[in-house]
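Coordinates from target-v9.csv are shown below (CSV, C-alpha atoms).
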chain,number,residue,atom,x,y,z
A,253,MET,CA,13.4,22.9,24.3
A,254,ILE,CA,9.7,22.9,23.7
A,255,GLU,CA,7.5,21.2,26.3
A,256,ALA,CA,5.4,18.4,24.9
A,257,PRO,CA,1.7,19.0,25.2
A,258,SER,CA,-0.1,17.2,28.0
A,259,THR,CA,-1.7,14.1,26.6
A,260,PRO,CA,-2.6,10.8,28.0
A,261,MET,CA,0.0,8.1,27.6
A,262,PRO,CA,-0.7,6.1,24.5
A,263,VAL,CA,-1.8,2.5,25.0
A,264,ALA,CA,-0.9,-0.4,22.7
A,265,CYS,CA,-3.8,-2.3,21.2
A,266,ASN,CA,-2.2,-5.6,22.1
A,267,TRP,CA,-3.8,-7.3,19.1
A,268,PRO,CA,-2.0,-10.1,17.3
A,269,LYS,CA,0.2,-9.0,14.5
A,270,SER,CA,-2.2,-10.7,12.0
A,271,VAL,CA,-5.0,-8.5,13.2
A,272,VAL,CA,-2.9,-5.3,13.0
A,273,GLU,CA,-1.8,-6.3,9.4
A,274,SER,CA,-5.4,-7.0,8.5
A,275,ILE,CA,-6.5,-3.6,9.7
A,276,ALA,CA,-3.7,-2.0,7.7
A,277,VAL,CA,-4.8,-3.8,4.5
A,278,GLN,CA,-8.5,-2.9,5.1
A,279,THR,CA,-7.6,0.7,5.8
A,280,ALA,CA,-5.6,0.9,2.5
A,281,GLU,CA,-8.5,-0.6,0.7
A,282,LEU,CA,-11.0,1.8,2.2
A,283,LEU,CA,-8.8,4.7,1.4
A,284,LYS,CA,-8.2,3.4,-2.1
A,285,TYR,CA,-4.5,3.4,-1.5
A,286,GLU,CA,-2.3,1.2,-3.7
A,287,PRO,CA,1.3,0.3,-3.2
A,288,ARG,CA,3.5,3.0,-4.9
A,289,ASP,CA,0.8,5.7,-4.4
A,290,SER,CA,2.1,9.0,-3.0
A,291,MET,CA,1.6,9.3,0.8
A,292,GLU,CA,1.3,13.1,1.0
A,293,PRO,CA,-2.1,13.4,-0.7
A,294,LEU,CA,-3.4,10.6,1.4
A,295,VAL,CA,-2.3,12.4,4.6
A,296,ALA,CA,-4.0,15.6,3.3
A,297,ARG,CA,-7.2,13.7,2.6
A,298,LEU,CA,-7.2,12.5,6.2
A,299,GLY,CA,-6.9,16.0,7.4
A,300,GLY,CA,-3.3,15.7,8.4
A,301,LYS,CA,-0.2,17.6,7.4
A,302,ILE,CA,3.4,16.8,7.0
A,303,GLU,CA,6.2,19.0,8.1
A,304,LEU,CA,9.8,18.4,6.7
A,305,LEU,CA,12.2,19.7,9.3
A,306,SER,CA,15.9,20.1,9.5
A,307,ARG,CA,17.6,18.0,12.2
A,308,GLU,CA,17.9,21.0,14.5
A,309,ASP,CA,14.2,21.9,14.1
A,310,TRP,CA,13.2,18.3,14.6
A,311,LEU,CA,15.4,18.1,17.8
A,312,ALA,CA,13.7,21.3,19.0
A,313,HIS,CA,10.4,19.6,18.7
A,314,ASN,CA,11.6,16.9,21.1
A,315,HIS,CA,12.0,14.3,18.3
A,316,SER,CA,8.2,14.6,17.7
A,317,THR,CA,7.0,12.4,14.8
A,318,ILE,CA,3.3,12.7,15.2
A,319,THR,CA,0.9,15.0,17.1
A,320,VAL,CA,-2.8,14.2,17.0
A,321,GLU,CA,-5.1,17.0,18.2
A,322,GLY,CA,-8.4,15.4,17.1
A,323,PRO,CA,-10.1,13.8,14.2
A,324,GLN,CA,-8.7,15.0,10.9
A,325,ASP,CA,-6.2,17.2,12.8
A,326,PHE,CA,-2.7,15.7,13.0
A,327,THR,CA,0.8,16.5,12.1
A,328,ILE,CA,3.5,14.2,11.0
A,329,ARG,CA,7.1,15.5,11.3
A,330,LEU,CA,9.9,14.1,9.2
A,331,MET,CA,13.6,15.0,9.1
A,332,TRP,CA,14.1,16.1,5.5
A,333,SER,CA,17.5,14.3,5.4
A,334,ASP,CA,15.9,10.9,5.9
A,335,GLY,CA,15.1,10.6,2.2
A,336,PRO,CA,11.9,9.7,0.3
A,337,LEU,CA,11.8,5.9,0.9
A,338,ARG,CA,12.4,6.4,4.7
A,339,HIS,CA,9.7,9.1,4.6
A,340,ARG,CA,7.2,6.7,3.1
A,341,PHE,CA,7.7,4.1,5.8
A,342,THR,CA,7.7,6.8,8.5
A,343,ILE,CA,4.4,8.3,7.2
A,344,ALA,CA,2.8,4.8,7.1
A,345,HIS,CA,4.2,4.1,10.6
A,346,GLU,CA,2.7,7.3,11.9
A,347,LEU,CA,-0.6,6.5,10.2
A,348,GLY,CA,-0.5,3.3,12.2
A,349,HIS,CA,-0.3,5.3,15.4
A,350,TYR,CA,-3.2,7.5,14.1
A,351,PHE,CA,-5.5,4.6,13.3
A,352,LEU,CA,-4.5,2.2,16.0
A,353,HIS,CA,-3.5,4.3,19.0
A,354,SER,CA,-5.3,7.6,18.6
A,355,ARG,CA,-8.4,5.9,17.1
A,356,GLN,CA,-8.4,8.3,14.2
A,357,GLY,CA,-8.0,11.3,16.4
A,358,ARG,CA,-10.5,10.4,19.2
A,359,ILE,CA,-7.5,10.1,21.6
A,360,PRO,CA,-5.0,12.9,21.6
A,361,LEU,CA,-1.5,11.7,20.9
A,362,HIS,CA,2.0,13.1,21.0
A,363,LEU,CA,4.8,10.7,20.0
A,364,GLY,CA,8.4,11.0,19.1
A,365,ARG,CA,11.3,8.9,17.8
A,366,ASP,CA,13.0,8.0,21.1
A,367,GLY,CA,14.7,4.8,19.9
A,368,SER,CA,12.4,2.7,22.1
A,369,ASN,CA,11.4,-0.7,20.9
A,370,ASN,CA,8.1,-1.2,22.7
A,371,ARG,CA,4.8,-2.8,21.7
A,372,LEU,CA,3.3,0.5,20.5
A,373,GLU,CA,6.2,0.9,18.0
A,374,TRP,CA,5.9,-2.8,16.9
A,375,GLU,CA,2.3,-2.3,16.2
A,376,ALA,CA,2.9,0.8,14.1
A,377,ASN,CA,5.7,-1.0,12.2
A,378,TRP,CA,3.4,-4.0,11.5
A,379,PHE,CA,0.8,-1.6,10.2
A,380,ALA,CA,3.3,0.3,8.0
A,381,ALA,CA,4.7,-2.9,6.5
A,382,ALA,CA,1.3,-4.3,5.7
A,383,PHE,CA,0.0,-0.9,4.4
A,384,LEU,CA,2.9,-0.4,2.0
A,385,MET,CA,3.5,-4.0,1.2
A,386,PRO,CA,0.3,-6.0,1.6
A,387,GLU,CA,1.0,-9.7,2.0
A,388,GLU,CA,-1.0,-10.9,-1.0
A,389,LYS,CA,0.5,-8.4,-3.4
A,390,PHE,CA,4.0,-8.8,-1.9
A,391,ARG,CA,3.9,-12.6,-2.3
A,392,ALA,CA,2.7,-12.3,-5.9
A,393,THR,CA,5.4,-9.8,-6.7
A,394,ALA,CA,8.0,-12.0,-5.1
A,395,GLU,CA,6.9,-14.8,-7.3
A,396,ILE,CA,7.6,-12.7,-10.3
A,397,TYR,CA,10.9,-11.2,-9.2
A,398,GLY,CA,12.1,-13.8,-6.7
A,399,ALA,CA,13.2,-13.0,-3.2
A,400,ASP,CA,15.4,-10.1,-4.4
A,401,PRO,CA,15.0,-7.3,-1.9
A,402,LEU,CA,16.3,-4.6,-4.3
A,403,ARG,CA,13.8,-5.4,-6.9
A,404,LEU,CA,11.0,-5.7,-4.4
A,405,ALA,CA,11.9,-2.4,-2.8
A,406,GLY,CA,11.7,-0.8,-6.2
A,407,GLN,CA,8.3,-2.3,-6.9
A,408,PHE,CA,6.9,-1.1,-3.5
A,409,LEU,CA,8.9,2.1,-3.2
A,410,VAL,CA,10.3,1.1,0.2
A,411,SER,CA,13.9,0.8,1.4
A,412,VAL,CA,15.8,-2.4,0.7
A,413,GLU,CA,15.9,-3.0,4.5
A,414,ALA,CA,12.1,-2.8,4.7
A,415,ALA,CA,11.8,-5.2,1.8
A,416,LYS,CA,14.3,-7.6,3.5
A,417,VAL,CA,12.3,-7.5,6.7
A,418,ARG,CA,9.0,-8.2,4.9
A,419,LEU,CA,10.6,-11.1,3.0
A,420,GLU,CA,11.8,-12.5,6.4
A,421,THR,CA,8.6,-12.0,8.3
A,422,LEU,CA,6.6,-13.6,5.5
A,423,LYS,CA,9.1,-16.5,5.4
A,424,LEU,CA,9.9,-15.9,1.7
A,425,VAL,CA,13.7,-16.3,2.3

Would you mind writing the file's structure down as C-alpha cells?
Amino acid sequence: MIEAPSTPMPVACNWPKSVVESIAVQTAELLKYEPRDSMEPLVARLGGKIELLSREDWLAHNHSTITVEGPQDFTIRLMWSDGPLRHRFTIAHELGHYFLHSRQGRIPLHLGRDGSNNRLEWEANWFAAAFLMPEEKFRATAEIYGADPLRLAGQFLVSVEAAKVRLETLKLV
C-alpha cells in the first residue's frame, strides 16, 4: 500500500449550503461551463488531470480521489468501472474540494473515498449538484419535463439518483 503524502487535514468551510451552491454557480459561470459540457477539458484548463484506474490500482492509491499539489496542479482519480455519469458527478465533487477546501491549490490536499459522511463531503456534494444542475436552469427544465428524474438526468447528464436528490432538495417533488 502506498503511503499518503503528508498534508494538513482539510478543513470544511462551514458556509451555509446556499453559499456553497452560489459559489458553484458563479464558478461555472466564470469558467463558461454549461450543463452537459464535458468535464475533462475543464479539468485540463484548470491545470488538473484525470486518471482512470482499475479497482485494484485505485485501492493501491488508498482510495485516493483527489490530490492537490498546488495551484493548477491536481489529479482526480476515478475508477473506470463507475461509468460516465458517475464520473461527471465525481469530477464536479472533486472540483468542489479543489475550489472550497484547497482554495484552488493554495492548500495541499489529499482526499479519498472512505465512505465518511462528514461536512467536508457534504460541501463538495452541494458544490457538485449546483455546478452540474444549477437551481435556476434545473427548475426551468423541470417545468418543461415535470419532476421526472429520468428525463432530468438525461437533460443534465447526471445519474437518475443525482436528479432525484436535486428534485428533493429543491422541493420539486

Point to revise | Among listed residues A:Lys423, A:Lys284, A:Lys389, A:Lys416, nearest Leu402 (chain A) (using only C-alpha atoms) | key: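 Comparing A:Lys423, A:Lys284, A:Lys389, A:Lys416 against Leu402 (chain A), the winner is A:Lys416.
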
**Study point:** Neighbour list for region 268-273 of chain A as a PyMOL selection string, cut-off 12 Å, all atoms listed in the file, skip fewer than 6 positions in-chain
**Key:** chain A and resi 279-280+348-349+351-353+371-372+374-388+418+421-422

Point to revise | Distance in Å - CA of Leu298 (chain A) versus CA of Ala312 (chain A) | key: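 Computed distance, CA of Leu298 (chain A) to CA of Ala312 (chain A), equals 26.0 Å.
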
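Among the candidates A:Phe326, A:Ser290, A:Gly364, A:Leu419, the residue lying nearest to Leu311 (chain A) is A:Gly364 (atoms considered: only C-alpha atoms).
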
Review point. Near Met331 (chain A), counting all atoms listed in the file, which residues have an atom at most 6 Å away, once you skip same-chain residues fewer than 5 positions from it, shown as a list in words?
Key: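 Listed by chain and then number, they are Leu304, Leu305, Ser306 and Arg307 of chain A.
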
Could the residues in this selection be saved with C-alpha atoms as a tab-separated table (two decimals), in the frame of the given file?
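Result written to result_22.tsv:
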chain	number	residue	atom	x	y	z
A	304	LEU	CA	9.80	18.40	6.70
A	305	LEU	CA	12.20	19.70	9.30
A	306	SER	CA	15.90	20.10	9.50
A	307	ARG	CA	17.60	18.00	12.20

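Going from CA of Asn370 (chain A) over to CA of Leu409 (chain A), you cover 26.1 Å.
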
Point to revise | Near-Arg297 (chain A) list (12 Å; all atoms listed in the file; drop same-chain fewer than 5 positions) as a ChimeraX atom specification | key: /A:283-285,290-292,302,323-326

Polymer residues at most 9 Å from Val412 (chain A), only C-alpha atoms, same-chain spacing of 5 or more positions, as a PDB file with C-alpha atoms, in the coordinates of the input:
ATOM      1  CA  PRO A 401      15.000  -7.300  -1.900  1.00  0.00           C
ATOM      2  CA  LEU A 402      16.300  -4.600  -4.300  1.00  0.00           C
ATOM      3  CA  ARG A 403      13.800  -5.400  -6.900  1.00  0.00           C
ATOM      4  CA  LEU A 404      11.000  -5.700  -4.400  1.00  0.00           C
ATOM      5  CA  ALA A 405      11.900  -2.400  -2.800  1.00  0.00           C
ATOM      6  CA  GLY A 406      11.700  -0.800  -6.200  1.00  0.00           C
ATOM      7  CA  VAL A 417      12.300  -7.500   6.700  1.00  0.00           C
TER       8      VAL A 417
END
